[in-house]
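Chemist: mmCIF, C-alpha atoms, saved as final-v4.cif, coming up:
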```cif
data_query
#
loop_
_atom_site.label_atom_id
_atom_site.label_comp_id
_atom_site.auth_asym_id
_atom_site.auth_seq_id
_atom_site.Cartn_x
_atom_site.Cartn_y
_atom_site.Cartn_z
CA MET A 1 -1.88 -25.16 1.32
CA GLU A 2 -3.97 -22.03 0.72
CA THR A 3 -1.30 -19.34 0.76
CA ILE A 4 -0.47 -16.43 -1.52
CA GLU A 5 3.20 -16.08 -2.42
CA ARG A 6 4.25 -12.53 -1.61
CA ASP A 7 6.82 -10.64 -3.70
CA VAL A 8 8.13 -9.05 -0.51
CA THR A 9 9.92 -12.35 0.19
CA GLN A 10 12.51 -11.48 -2.43
CA GLN A 11 13.10 -8.10 -0.80
CA LEU A 12 13.56 -9.80 2.55
CA LEU A 13 16.03 -12.23 1.00
CA ALA A 14 18.01 -9.32 -0.47
CA TRP A 15 18.13 -7.77 3.00
CA LYS A 16 19.37 -11.03 4.54
CA ASN A 17 22.20 -11.29 2.02
CA SER A 18 23.20 -7.62 2.13
CA SER A 19 26.68 -6.78 3.38
CA ASP A 20 25.24 -3.54 4.78
CA ARG A 21 22.37 -5.21 6.61
CA LYS A 22 20.88 -3.41 9.62
CA PRO A 23 17.85 -4.31 11.75
CA LEU A 24 14.86 -4.11 9.41
CA ILE A 25 11.60 -2.30 10.12
CA VAL A 26 8.64 -3.52 8.05
CA ARG A 27 5.97 -0.84 7.80
CA GLY A 28 2.40 -1.11 6.58
CA ALA A 29 -1.23 -0.99 7.68
CA ARG A 30 -3.04 -3.56 9.77
CA GLN A 31 -4.03 -6.93 8.26
CA ILE A 32 -1.97 -6.71 5.06
CA GLY A 33 0.08 -9.80 5.93
CA LYS A 34 3.25 -8.38 7.51
CA SER A 35 3.54 -10.95 10.30
CA TRP A 36 2.74 -13.89 8.03
CA ALA A 37 5.29 -12.76 5.42
CA VAL A 38 8.09 -12.30 7.96
CA GLU A 39 7.37 -15.59 9.74
CA ASP A 40 7.14 -17.47 6.44
CA PHE A 41 10.46 -15.94 5.40
CA GLY A 42 12.07 -16.92 8.70
CA LYS A 43 10.90 -20.52 8.44
CA ARG A 44 12.12 -20.86 4.86
CA TYR A 45 15.48 -19.11 4.99
CA TYR A 46 16.78 -19.54 8.57
CA GLU A 47 17.51 -22.52 10.75
CA HIS A 48 15.41 -20.99 13.53
CA LEU A 49 12.69 -18.36 13.92
CA ALA A 50 12.08 -16.63 17.26
CA VAL A 51 8.93 -14.47 17.46
CA PHE A 52 8.55 -11.87 20.20
CA ASN A 53 5.13 -10.20 20.17
CA PHE A 54 5.09 -7.05 22.31
CA ASP A 55 1.30 -6.87 22.33
CA ARG A 56 0.73 -10.43 23.53
CA LYS A 57 3.62 -10.50 26.02
CA ARG A 58 3.67 -7.12 27.71
CA GLU A 59 6.39 -8.31 30.10
CA LEU A 60 8.84 -8.13 27.18
CA ALA A 61 8.86 -4.36 27.67
CA GLU A 62 10.46 -4.87 31.11
CA VAL A 63 13.45 -6.53 29.45
CA PHE A 64 14.12 -3.52 27.24
CA GLY A 65 13.38 -1.14 30.11
CA LYS A 66 16.33 -2.54 32.07
CA THR A 67 19.06 -2.51 29.42
CA LYS A 68 19.94 -1.73 25.82
CA GLU A 69 23.09 -3.87 25.80
CA PRO A 70 22.61 -6.54 23.09
CA SER A 71 24.35 -9.46 24.81
CA ARG A 72 22.26 -8.99 27.94
CA LEU A 73 19.09 -8.55 25.90
CA ILE A 74 19.76 -11.83 24.09
CA ARG A 75 20.22 -13.63 27.44
CA GLU A 76 16.96 -12.16 28.75
CA LEU A 77 15.00 -12.87 25.55
CA ALA A 78 16.10 -16.51 25.68
CA PHE A 79 13.70 -16.98 28.62
CA PHE A 80 10.76 -16.13 26.36
CA THR A 81 11.40 -18.76 23.68
CA GLU A 82 12.47 -22.37 23.27
CA VAL A 83 14.31 -21.44 20.07
CA PRO A 84 18.10 -20.94 20.28
CA LEU A 85 19.07 -17.32 19.56
CA LEU A 86 22.08 -17.87 17.32
CA PRO A 87 23.91 -15.19 15.32
CA GLU A 88 23.04 -15.39 11.59
CA LYS A 89 21.16 -18.69 12.05
CA THR A 90 18.12 -17.39 13.95
CA LEU A 91 15.77 -14.69 12.72
CA LEU A 92 14.56 -12.58 15.63
CA PHE A 93 11.13 -11.12 14.83
CA PHE A 94 9.93 -8.26 17.04
CA ASP A 95 6.21 -8.06 16.22
CA GLU A 96 3.95 -5.15 17.26
CA ILE A 97 7.11 -3.32 18.30
CA GLN A 98 5.25 -0.01 18.48
CA GLU A 99 4.01 -1.21 21.88
CA CYS A 100 7.58 -0.93 23.25
CA LYS A 101 9.47 2.19 22.22
CA GLU A 102 12.51 1.05 24.24
CA ALA A 103 12.74 -1.97 21.93
CA LEU A 104 12.66 0.33 18.90
CA ASN A 105 15.47 2.37 20.39
CA ALA A 106 17.45 -0.81 21.17
CA LEU A 107 17.71 -1.61 17.45
CA LYS A 108 20.40 1.09 17.30
CA TYR A 109 22.63 -0.90 19.63
CA PHE A 110 22.11 -4.16 17.76
CA CYS A 111 23.19 -2.32 14.62
CA GLU A 112 26.31 -0.86 16.26
CA ASP A 113 27.40 -3.63 18.63
CA ALA A 114 25.81 -6.89 17.46
CA PRO A 115 25.15 -6.80 13.69
CA GLU A 116 25.55 -10.58 13.57
CA TYR A 117 21.99 -10.91 14.91
CA HIS A 118 19.36 -10.76 12.19
CA ILE A 119 16.38 -8.75 13.44
CA ILE A 120 13.12 -7.76 11.75
CA ALA A 121 10.59 -5.52 13.49
CA ALA A 122 7.01 -4.83 12.43
CA GLY A 123 3.89 -3.18 13.77
CA SER A 124 0.43 -2.19 12.60
CA LEU A 125 0.62 1.43 13.74
CA LEU A 126 4.37 1.82 13.55
CA GLY A 127 4.09 4.84 11.27
CA VAL A 128 2.01 6.66 13.88
CA ALA A 129 4.46 5.77 16.68
CA ILE A 130 7.46 6.92 14.65
CA ASN A 131 5.89 10.20 13.63
CA GLU A 132 4.75 11.02 17.17
CA GLY A 133 8.45 11.62 17.82
CA ASN A 134 8.27 11.38 21.62
CA PHE A 135 11.13 8.89 21.93
CA SER A 136 14.66 8.38 20.65
CA PHE A 137 14.39 6.73 17.24
CA PRO A 138 17.44 4.93 15.80
CA VAL A 139 17.90 7.21 12.79
CA GLY A 140 20.37 5.76 10.30
CA LYS A 141 20.65 2.52 12.26
CA VAL A 142 17.81 0.59 10.64
CA ASN A 143 16.65 -0.44 7.19
CA PHE A 144 13.04 0.13 6.13
CA LEU A 145 10.71 -1.95 3.98
CA GLN A 146 7.23 -0.70 3.11
CA MET A 147 4.65 -3.44 2.65
CA PHE A 148 1.28 -3.25 0.91
CA PRO A 149 -1.80 -5.45 0.49
CA VAL A 150 -1.73 -8.38 -1.94
CA SER A 151 -1.29 -6.94 -5.44
CA PHE A 152 -3.33 -8.08 -8.42
CA LYS A 153 -0.21 -9.76 -9.79
CA GLU A 154 0.18 -11.78 -6.58
CA TYR A 155 -3.55 -12.53 -6.56
CA LEU A 156 -3.53 -13.78 -10.15
CA ARG A 157 -0.43 -15.94 -9.59
CA ALA A 158 -2.24 -17.74 -6.77
CA ALA A 159 -5.61 -17.92 -8.54
CA ASP A 160 -4.46 -19.06 -12.01
CA ALA A 161 -0.75 -19.79 -12.37
CA VAL A 162 -1.04 -20.60 -16.09
CA LEU A 163 -2.78 -17.33 -16.94
CA PHE A 164 -0.30 -15.44 -14.76
CA ARG A 165 2.65 -16.91 -16.67
CA GLN A 166 1.02 -16.07 -19.99
CA LEU A 167 0.36 -12.45 -18.98
CA ASP A 168 3.80 -12.12 -17.42
CA SER A 169 5.50 -13.35 -20.59
CA LEU A 170 3.53 -10.93 -22.77
CA ALA A 171 4.11 -7.85 -20.57
CA GLY A 172 6.43 -5.32 -22.16
CA GLY A 173 5.39 -6.30 -25.67
CA GLU A 174 3.64 -4.13 -28.25
CA GLU A 175 1.20 -6.71 -29.57
CA PRO A 176 -2.38 -6.85 -28.25
CA LEU A 177 -3.12 -9.63 -25.80
CA PRO A 178 -4.86 -12.69 -27.27
CA THR A 179 -8.60 -12.34 -26.71
CA VAL A 180 -8.79 -15.41 -24.48
CA VAL A 181 -6.01 -14.06 -22.22
CA PHE A 182 -7.55 -10.59 -22.09
CA ASN A 183 -11.03 -11.85 -21.22
CA ARG A 184 -9.84 -14.21 -18.50
CA ALA A 185 -7.61 -11.54 -16.94
CA GLU A 186 -10.54 -9.10 -16.97
CA GLU A 187 -12.67 -11.62 -15.06
CA TYR A 188 -10.01 -11.98 -12.38
CA TYR A 189 -9.64 -8.20 -12.19
CA HIS A 190 -13.35 -7.82 -11.44
CA ALA A 191 -13.09 -10.52 -8.77
CA TYR A 192 -10.14 -8.66 -7.25
CA GLN A 193 -12.20 -5.45 -7.19
CA VAL A 194 -14.66 -7.29 -4.97
CA CYS A 195 -12.22 -8.83 -2.45
CA GLY A 196 -9.26 -6.45 -2.64
CA GLY A 197 -5.80 -7.29 -1.39
CA LEU A 198 -6.23 -8.04 2.30
CA PRO A 199 -4.80 -11.59 2.43
CA LEU A 200 -7.70 -13.25 4.25
CA SER A 201 -10.25 -11.65 1.92
CA ALA A 202 -8.21 -12.50 -1.20
CA ARG A 203 -7.74 -16.11 -0.09
CA SER A 204 -11.46 -16.42 0.55
CA MET A 205 -12.16 -15.30 -3.01
CA ILE A 206 -9.47 -17.44 -4.66
CA TRP A 207 -10.36 -20.64 -2.86
CA GLY A 208 -14.12 -20.28 -3.19
CA LYS A 209 -15.15 -19.56 0.38
CA GLY A 210 -18.04 -17.49 -0.99
CA ILE A 211 -18.90 -13.81 -1.25
CA GLU A 212 -20.52 -13.93 2.18
CA THR A 213 -17.15 -14.82 3.72
CA VAL A 214 -15.39 -12.09 1.75
CA GLU A 215 -17.94 -9.54 2.96
CA LYS A 216 -17.56 -10.68 6.56
CA VAL A 217 -13.76 -10.42 6.43
CA LEU A 218 -13.89 -6.90 4.99
CA GLU A 219 -16.51 -5.79 7.51
CA GLU A 220 -14.44 -7.13 10.40
CA ASN A 221 -11.36 -5.32 9.12
CA LEU A 222 -13.24 -2.03 8.85
CA MET A 223 -14.38 -2.52 12.45
CA ALA A 224 -10.80 -3.29 13.54
CA TYR A 225 -9.54 -0.11 11.89
CA GLU A 226 -12.17 1.98 13.65
CA ILE A 227 -11.25 0.38 16.98
CA ASP A 228 -7.65 1.43 16.29
CA PHE A 229 -8.82 5.02 15.93
CA SER A 230 -10.34 4.89 19.39
CA LYS A 231 -7.44 3.04 21.04
CA HIS A 232 -4.43 4.81 19.62
CA ALA A 233 -5.36 8.35 18.54
CA LEU A 234 -5.69 11.45 20.71
CA LYS A 235 -9.17 11.72 22.20
CA THR A 236 -9.71 15.09 20.54
CA ASP A 237 -8.85 13.62 17.13
CA ILE A 238 -10.93 10.42 17.31
CA PRO A 239 -14.24 11.84 16.01
CA LYS A 240 -12.38 13.76 13.30
CA ILE A 241 -10.52 10.63 12.15
CA HIS A 242 -13.81 8.72 11.98
CA ALA A 243 -15.39 11.54 9.98
CA ILE A 244 -12.52 11.75 7.45
CA TRP A 245 -12.41 7.96 7.06
CA LYS A 246 -16.14 7.69 6.39
CA SER A 247 -16.08 10.65 3.99
CA THR A 248 -13.50 9.06 1.69
CA PRO A 249 -16.00 7.41 -0.71
CA GLU A 250 -17.89 10.69 -1.07
CA GLN A 251 -14.63 12.58 -1.62
CA LEU A 252 -13.74 10.17 -4.43
CA SER A 253 -17.20 10.37 -5.99
CA ARG A 254 -16.84 14.11 -6.55
CA GLU A 255 -16.31 15.24 -10.14
CA ASN A 256 -12.57 15.94 -9.78
CA ASN A 257 -12.01 13.85 -6.60
CA LYS A 258 -10.30 16.76 -4.84
CA PHE A 259 -10.48 16.51 -1.05
CA VAL A 260 -12.80 19.12 0.45
CA TYR A 261 -13.08 19.56 4.20
CA ARG A 262 -16.73 20.62 4.10
CA VAL A 263 -17.58 17.12 2.83
CA VAL A 264 -16.22 15.83 6.16
CA ARG A 265 -18.38 18.27 8.11
CA GLU A 266 -20.20 21.44 7.13
CA GLY A 267 -18.03 24.39 8.07
CA ALA A 268 -14.93 22.26 8.75
CA ARG A 269 -11.57 23.93 8.24
CA ALA A 270 -8.19 22.48 7.37
CA ARG A 271 -6.49 23.54 10.61
CA GLU A 272 -9.13 21.66 12.64
CA TYR A 273 -8.76 18.39 10.74
CA GLU A 274 -5.21 18.26 9.40
CA ASN A 275 -3.85 16.35 12.43
CA ALA A 276 -6.59 13.73 12.07
CA LEU A 277 -5.86 13.42 8.35
CA GLN A 278 -2.13 13.01 9.05
CA TRP A 279 -2.88 10.26 11.57
CA LEU A 280 -4.63 8.23 8.87
CA VAL A 281 -1.73 8.84 6.47
CA ASP A 282 0.84 7.79 9.10
CA ALA A 283 -1.20 4.66 9.88
CA GLY A 284 -1.05 3.70 6.19
CA MET A 285 -4.84 3.67 5.93
CA ILE A 286 -5.14 6.41 3.35
CA TYR A 287 -2.84 7.84 0.69
CA GLN A 288 -2.58 11.55 -0.01
CA VAL A 289 -1.90 12.51 -3.64
CA LYS A 290 -0.97 16.18 -3.97
CA LEU A 291 -1.37 18.57 -6.88
CA CYS A 292 1.78 19.23 -8.92
CA GLU A 293 1.51 22.57 -10.67
CA LYS A 294 4.42 22.00 -13.04
CA PRO A 295 5.54 18.54 -14.25
CA GLU A 296 9.27 19.05 -13.82
CA LEU A 297 11.84 17.39 -11.57
CA PRO A 298 11.79 17.23 -8.65
CA LEU A 299 8.01 16.88 -8.63
CA SER A 300 7.91 17.60 -4.90
CA PHE A 301 9.30 21.09 -5.55
CA TYR A 302 6.15 22.01 -7.50
CA GLU A 303 3.63 20.47 -5.09
CA ASN A 304 0.66 22.45 -3.86
CA SER A 305 0.05 20.92 -0.43
CA SER A 306 -3.32 22.63 -0.04
CA ALA A 307 -4.80 20.75 -3.02
CA PHE A 308 -4.87 16.96 -2.79
CA LYS A 309 -6.89 13.78 -3.20
CA VAL A 310 -7.18 10.89 -0.77
CA TYR A 311 -7.44 7.19 -1.60
CA LEU A 312 -7.80 4.08 0.58
CA LEU A 313 -5.06 1.52 1.04
CA ASP A 314 -7.17 -1.18 -0.64
CA ILE A 315 -9.99 -1.24 -3.18
CA GLY A 316 -11.80 -4.07 -1.41
CA LEU A 317 -12.03 -1.90 1.70
CA LEU A 318 -13.06 1.07 -0.45
CA ARG A 319 -15.89 -0.98 -1.97
CA LYS A 320 -17.05 -2.16 1.45
CA LEU A 321 -16.82 1.32 3.01
CA SER A 322 -18.85 2.61 0.04
CA LYS A 323 -21.49 -0.07 0.66
CA LEU A 324 -21.26 -1.26 -2.95
CA PRO A 325 -22.64 -4.78 -3.54
CA ALA A 326 -20.25 -7.28 -5.10
CA GLU A 327 -22.51 -7.90 -8.12
CA ILE A 328 -22.14 -4.33 -9.34
CA PHE A 329 -18.80 -5.22 -10.92
CA VAL A 330 -20.40 -7.60 -13.37
CA SER A 331 -23.39 -5.41 -14.17
CA ALA A 332 -23.77 -2.50 -16.56
CA SER A 333 -25.41 -0.23 -13.98
CA GLN A 334 -25.28 3.44 -14.96
CA LEU A 335 -25.55 4.31 -11.26
CA PHE A 336 -21.97 3.13 -10.82
CA THR A 337 -20.35 5.10 -13.66
CA GLU A 338 -18.78 7.94 -11.65
CA PHE A 339 -17.49 5.86 -8.75
CA LYS A 340 -16.17 3.17 -11.11
CA GLY A 341 -13.54 5.70 -12.17
CA ALA A 342 -12.55 6.38 -8.57
CA MET A 343 -12.15 2.63 -7.93
CA ALA A 344 -9.96 2.33 -11.02
CA GLU A 345 -7.77 5.24 -9.92
CA ASN A 346 -7.42 3.73 -6.44
CA PHE A 347 -6.39 0.41 -8.00
CA VAL A 348 -3.70 2.01 -10.18
CA LEU A 349 -2.34 4.09 -7.30
CA THR A 350 -1.91 1.09 -5.01
CA SER A 351 -0.27 -0.79 -7.88
CA LEU A 352 2.27 1.99 -8.45
CA LEU A 353 3.13 2.19 -4.76
CA ALA A 354 3.52 -1.59 -4.43
CA GLN A 355 6.00 -1.50 -7.34
CA GLY A 356 8.19 0.97 -5.46
CA PHE A 357 7.25 4.22 -7.18
CA ALA A 358 7.22 7.28 -4.93
CA MET A 359 3.84 8.75 -4.07
CA PRO A 360 2.57 10.19 -7.39
CA ASN A 361 1.15 13.64 -7.93
CA TYR A 362 -1.73 14.78 -10.09
CA TRP A 363 -1.85 17.73 -12.50
CA THR A 364 -4.51 20.21 -13.57
CA LEU A 365 -4.54 22.97 -16.15
CA GLN A 366 -5.33 26.36 -14.66
CA GLY A 367 -9.07 26.71 -14.13
CA ASN A 368 -9.48 22.91 -14.01
CA LYS A 369 -9.82 22.82 -17.81
CA ALA A 370 -7.85 19.58 -17.91
CA GLU A 371 -6.56 17.01 -15.42
CA VAL A 372 -4.11 14.11 -15.45
CA ASP A 373 -4.66 11.49 -12.76
CA PHE A 374 -1.05 10.72 -11.85
CA LEU A 375 2.49 11.91 -12.54
CA ILE A 376 5.40 9.59 -11.75
CA ALA A 377 9.13 10.08 -12.12
CA LYS A 378 11.30 7.45 -13.77
CA GLY A 379 14.93 8.48 -13.90
CA LEU A 380 15.01 11.93 -15.51
CA THR A 381 11.57 11.55 -17.05
CA VAL A 382 8.14 12.62 -15.80
CA ILE A 383 5.47 10.22 -17.05
CA PRO A 384 1.78 11.24 -17.06
CA ILE A 385 -0.76 8.50 -16.37
CA GLU A 386 -4.46 8.59 -17.24
CA VAL A 387 -6.92 6.06 -15.82
CA LYS A 388 -10.17 5.10 -17.53
CA SER A 389 -12.43 2.50 -15.96
CA ASP A 390 -13.91 1.10 -19.17
CA ARG A 391 -13.46 1.13 -22.96
CA ARG A 392 -14.74 4.68 -23.51
CA ILE A 393 -11.86 7.13 -23.74
CA SER A 394 -12.12 10.81 -24.61
CA GLY A 395 -8.54 11.83 -23.88
CA LYS A 396 -9.14 15.62 -23.96
CA SER A 397 -7.15 16.26 -20.78
CA PHE A 398 -4.36 13.96 -21.91
CA ALA A 399 -4.25 15.76 -25.26
CA GLU A 400 -3.98 19.12 -23.49
CA TYR A 401 -1.08 17.85 -21.39
CA ASP A 402 0.64 16.46 -24.49
CA LYS A 403 0.18 19.73 -26.34
CA LYS A 404 1.62 21.76 -23.45
CA TYR A 405 4.55 19.58 -22.31
CA HIS A 406 5.35 17.12 -25.18
CA PRO A 407 6.30 14.14 -22.96
CA ASP A 408 8.27 11.26 -24.45
CA LEU A 409 5.78 8.78 -23.04
CA ARG A 410 2.18 8.83 -21.85
CA ILE A 411 0.47 5.84 -20.23
CA ARG A 412 -3.27 5.29 -20.37
CA PHE A 413 -4.92 2.49 -18.43
CA SER A 414 -8.36 1.43 -19.63
CA MET A 415 -10.27 -1.71 -20.48
CA ASN A 416 -8.88 -1.61 -24.03
CA ASN A 417 -6.11 -3.88 -25.28
CA ILE A 418 -2.44 -3.01 -25.65
CA LYS A 419 -1.91 -0.35 -28.28
CA LYS A 420 0.79 2.17 -29.12
CA ASP A 421 -0.04 5.49 -30.77
CA GLY A 422 2.92 7.86 -31.00
CA ASN A 423 3.99 8.68 -27.44
CA LEU A 424 0.77 7.21 -26.03
CA ARG A 425 0.75 3.64 -24.84
CA ASN A 426 -2.60 2.16 -23.86
CA LEU A 427 -2.50 -0.74 -21.41
CA PRO A 428 -5.34 -2.83 -19.96
CA ILE A 429 -5.94 -1.65 -16.41
CA PHE A 430 -5.28 -5.13 -15.04
CA MET A 431 -1.70 -4.78 -16.30
CA ALA A 432 -0.94 -1.89 -13.96
CA ASP A 433 1.37 -4.18 -11.96
CA TRP A 434 3.47 -4.70 -15.11
CA VAL A 435 3.84 -1.01 -16.04
CA GLY A 436 7.53 -1.11 -15.14
CA SER A 437 8.21 -3.36 -18.13
CA TYR A 438 7.03 -0.52 -20.39
CA LEU A 439 9.28 2.07 -18.78
CA VAL A 440 12.65 0.48 -19.54
CA GLY A 441 15.18 2.24 -21.69
#
```
Do you think you could lay out the structure here as structure tokens?
Modeler:
Amino acid sequence: METIERDVTQQLLAWKNSSDRKPLIVRGARQIGKSWAVEDFGKRYYEHLAVFNFDRKRELAEVFGKTKEPSRLIRELAFFTEVPLLPEKTLLFFDEIQECKEALNALKYFCEDAPEYHIIAAGSLLGVAINEGNFSFPVGKVNFLQMFPVSFKEYLRAADAVLFRQLDSLAGGEEPLPTVVFNRAEEYYHAYQVCGGLPLSARSMIWGKGIETVEKVLEENLMAYEIDFSKHALKTDIPKIHAIWKSTPEQLSRENNKFVYRVVREGARAREYENALQWLVDAGMIYQVKLCEKPELPLSFYENSSAFKVYLLDIGLLRKLSKLPAEIFVSASQLFTEFKGAMAENFVLTSLLAQGFAMPNYWTLQGNKAEVDFLIAKGLTVIPIEVKSDRRISGKSFAEYDKKYHPDLRIRFSMNNIKKDGNLRNLPIFMADWVGSYLVG
């Protein structure tokens, strides 16, 4: 069976077994595999799975419009499924729940009055619905789980289980990877750069459906996202959202990647476009990485919200939106040098987020004399991260940061092998998903 095992399954299992379990809301962008992951989990770990899709069956909204009382809701929902709705034995999955805000509100009453029912809710534009704030949201009465596209680790495990186990066993060590392991992992990394982490695209690449299929999947997803803009955003914001979305590759190709509104449209100002930008952030389609002027805890205290970079949720989509041909990842084209770095940064960012790190910041020395791509917090430590897309590393900015702040640990991702040099640890970029094993202790 051509499926990719998702790490989120273990998080769902922890939720199921938690003594403090509440209805769970799974958040994440469209087409990253939320519905499949929840349904697969329900089939594997419950006696029964009952799926209620609020987009396909609009009449479900009438049920929640009449009552919020759990016992009555269960009786009414039973008419929409042949599956018995049994406490603890049936997983109730409310899919596309953003289409029914009364159902979102009803989760509060399941938490308070009927916690024996196991409920998971998900929706493609749930972040937008929640942040619109025009309904009563069950604050404190639900658990949240953020989901992301298929990570490189998940991709590699499905594509080459033997190589995955070898890389997994070597992660955290100080010795360089064997050449054969390094070279094979690098090949898979380049393939992942082409398809990205949308499940259908990744499966097409892994199981040899051909580049043409991969390209078609990515194109269709870009079209679906743009349809979402038109269907769900305010009419006044729709052209602005389109403009920001399409400007992202150009924003990332700039020398320091900093987001500039005039790239979106000549003469554009922040106050005109900030709502459109926030819509894309809330929808999970782009990530906003803000400048941190001083690398001390809490990092958020030293953020400069007016200076930021934007990245896409997935590097496959970024490649397609940039109109980059797949073969460029196996060529030595000098025309790709600048944007190759942006792709590498986007890859590392999505890896960090998928591992549970908070949204990183970036740092610059006054006057833009030096820049560090990402800052993350681990316990009481701030760790600077530099990303290089190939084997050439200058390290001037990293050296400036080291000289100014003397961190205990610096991480550099590049296409060089594992190496430790004082407080600097170099890791192959394809090992970004294993960075946590180097941050223990």
Chemist: Which one is closest to Gly422 of chain A: A:Leu218, A:Leu409, A:Ala158, A:Ala370? Count all atoms listed in the file.
Modeler: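 Closest to Gly422 of chain A, using all atoms listed in the file: A:Leu409.
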Chemist: What's the 10 Å shell around Val83 of chain A, counting all atoms listed in the file, without same-chain residues fewer than 4 positions away, as a PyMOL selection string?
Modeler: chain A and resi 47-51+78-79+90+92
Chemist: My list of candidates is A:Gly196, A:Pro149, A:Gly42, A:Pro138. Which is closest to Leu13 of chain A when distances are computed with only C-alpha atoms?
Modeler: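 With only C-alpha atoms as the atom set, the closest residue is A:Gly42.
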Chemist: Expand the PyMOL selection byres ((chain A and resi 283-286) around 8) into the individual residues it matches in the shown file, reporting them as a PDB file with C-alpha atoms, keeping the file's coordinate frame.
Modeler:
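Below is the file result_14.pdb, written as the result:
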```
ATOM      1  CA  GLY A  28       2.400  -1.110   6.580  1.00  0.00           C
ATOM      2  CA  ALA A  29      -1.230  -0.990   7.680  1.00  0.00           C
ATOM      3  CA  SER A 124       0.430  -2.190  12.600  1.00  0.00           C
ATOM      4  CA  LEU A 125       0.620   1.430  13.740  1.00  0.00           C
ATOM      5  CA  LEU A 126       4.370   1.820  13.550  1.00  0.00           C
ATOM      6  CA  GLY A 127       4.090   4.840  11.270  1.00  0.00           C
ATOM      7  CA  VAL A 128       2.010   6.660  13.880  1.00  0.00           C
ATOM      8  CA  TRP A 279      -2.880  10.260  11.570  1.00  0.00           C
ATOM      9  CA  LEU A 280      -4.630   8.230   8.870  1.00  0.00           C
ATOM     10  CA  VAL A 281      -1.730   8.840   6.470  1.00  0.00           C
ATOM     11  CA  ASP A 282       0.840   7.790   9.100  1.00  0.00           C
ATOM     12  CA  TYR A 287      -2.840   7.840   0.690  1.00  0.00           C
ATOM     13  CA  GLN A 288      -2.580  11.550  -0.010  1.00  0.00           C
ATOM     14  CA  VAL A 310      -7.180  10.890  -0.770  1.00  0.00           C
ATOM     15  CA  TYR A 311      -7.440   7.190  -1.600  1.00  0.00           C
ATOM     16  CA  LEU A 312      -7.800   4.080   0.580  1.00  0.00           C
ATOM     17  CA  LEU A 313      -5.060   1.520   1.040  1.00  0.00           C
TER      18      LEU A 313
END
```
Chemist: Calculated over all atoms listed in the file, which of the candidates A:Phe52, A:Phe374, A:Tyr362, A:Trp36 has the smallest distance to Ile74 of chain A?
Modeler: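 Closest candidate: A:Phe52.
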Chemist: Check the smallest atom-to-atom distance from each of A:Lys378, A:Arg265, A:Arg75, A:Lys388 to Val440 of chain A using only C-alpha atoms, then report the winner.
Modeler: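 Nearest to Val440 of chain A: A:Lys378.
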Chemist: Hey, what's within 10 Å of segment 253-255 of chain A if we count only C-alpha atoms and toss same-chain stuff fewer than 6 positions away? As a PDB file with C-alpha atoms, keeping the file's coordinate frame, please?
Modeler:
```pdb
ATOM      1  CA  VAL A 263     -17.580  17.120   2.830  1.00  0.00           C
ATOM      2  CA  SER A 322     -18.850   2.610   0.040  1.00  0.00           C
ATOM      3  CA  PHE A 336     -21.970   3.130 -10.820  1.00  0.00           C
ATOM      4  CA  THR A 337     -20.350   5.100 -13.660  1.00  0.00           C
ATOM      5  CA  GLU A 338     -18.780   7.940 -11.650  1.00  0.00           C
ATOM      6  CA  PHE A 339     -17.490   5.860  -8.750  1.00  0.00           C
ATOM      7  CA  LYS A 340     -16.170   3.170 -11.110  1.00  0.00           C
ATOM      8  CA  GLY A 341     -13.540   5.700 -12.170  1.00  0.00           C
ATOM      9  CA  ALA A 342     -12.550   6.380  -8.570  1.00  0.00           C
ATOM     10  CA  MET A 343     -12.150   2.630  -7.930  1.00  0.00           C
TER      11      MET A 343
END
```
Chemist: For the file shown, report as a PyMOL selection string the outcome of the PyMOL selection byres ((chain A and resi 23) around 10) at residue level.
Modeler: chain A and resi 15-16+21-22+24-26+92+104+107-111+115+117-121+141-144
Chemist: Given only C-alpha atoms as the basis, pick out the residue of A:Ala399, A:Leu321, A:Ile4, A:Leu424 nearest to Met205 of chain A.
Modeler: A:Ile4
Chemist: Taking (7.3, 0.3, 20.2) in the file's coordinates, which residues come within 9 Å, counting all atoms listed in the file, written as a list in words?
Modeler: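 Result, sorted by chain then residue number: Phe54, Ala61, Glu96, Ile97, Gln98, Glu99, Cys100, Lys101, Glu102, Ala103, Leu104, Asn105, Gly123, Leu126, Ala129 and Ile130 of chain A.
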Chemist: If you keep C-alpha atoms, can you produce a file of those selected residues as a PDB file, in the coordinates of the input?
Modeler:
```pdb
ATOM      1  CA  PHE A  54       5.090  -7.050  22.310  1.00  0.00           C
ATOM      2  CA  ALA A  61       8.860  -4.360  27.670  1.00  0.00           C
ATOM      3  CA  GLU A  96       3.950  -5.150  17.260  1.00  0.00           C
ATOM      4  CA  ILE A  97       7.110  -3.320  18.300  1.00  0.00           C
ATOM      5  CA  GLN A  98       5.250  -0.010  18.480  1.00  0.00           C
ATOM      6  CA  GLU A  99       4.010  -1.210  21.880  1.00  0.00           C
ATOM      7  CA  CYS A 100       7.580  -0.930  23.250  1.00  0.00           C
ATOM      8  CA  LYS A 101       9.470   2.190  22.220  1.00  0.00           C
ATOM      9  CA  GLU A 102      12.510   1.050  24.240  1.00  0.00           C
ATOM     10  CA  ALA A 103      12.740  -1.970  21.930  1.00  0.00           C
ATOM     11  CA  LEU A 104      12.660   0.330  18.900  1.00  0.00           C
ATOM     12  CA  ASN A 105      15.470   2.370  20.390  1.00  0.00           C
ATOM     13  CA  GLY A 123       3.890  -3.180  13.770  1.00  0.00           C
ATOM     14  CA  LEU A 126       4.370   1.820  13.550  1.00  0.00           C
ATOM     15  CA  ALA A 129       4.460   5.770  16.680  1.00  0.00           C
ATOM     16  CA  ILE A 130       7.460   6.920  14.650  1.00  0.00           C
TER      17      ILE A 130
END
```
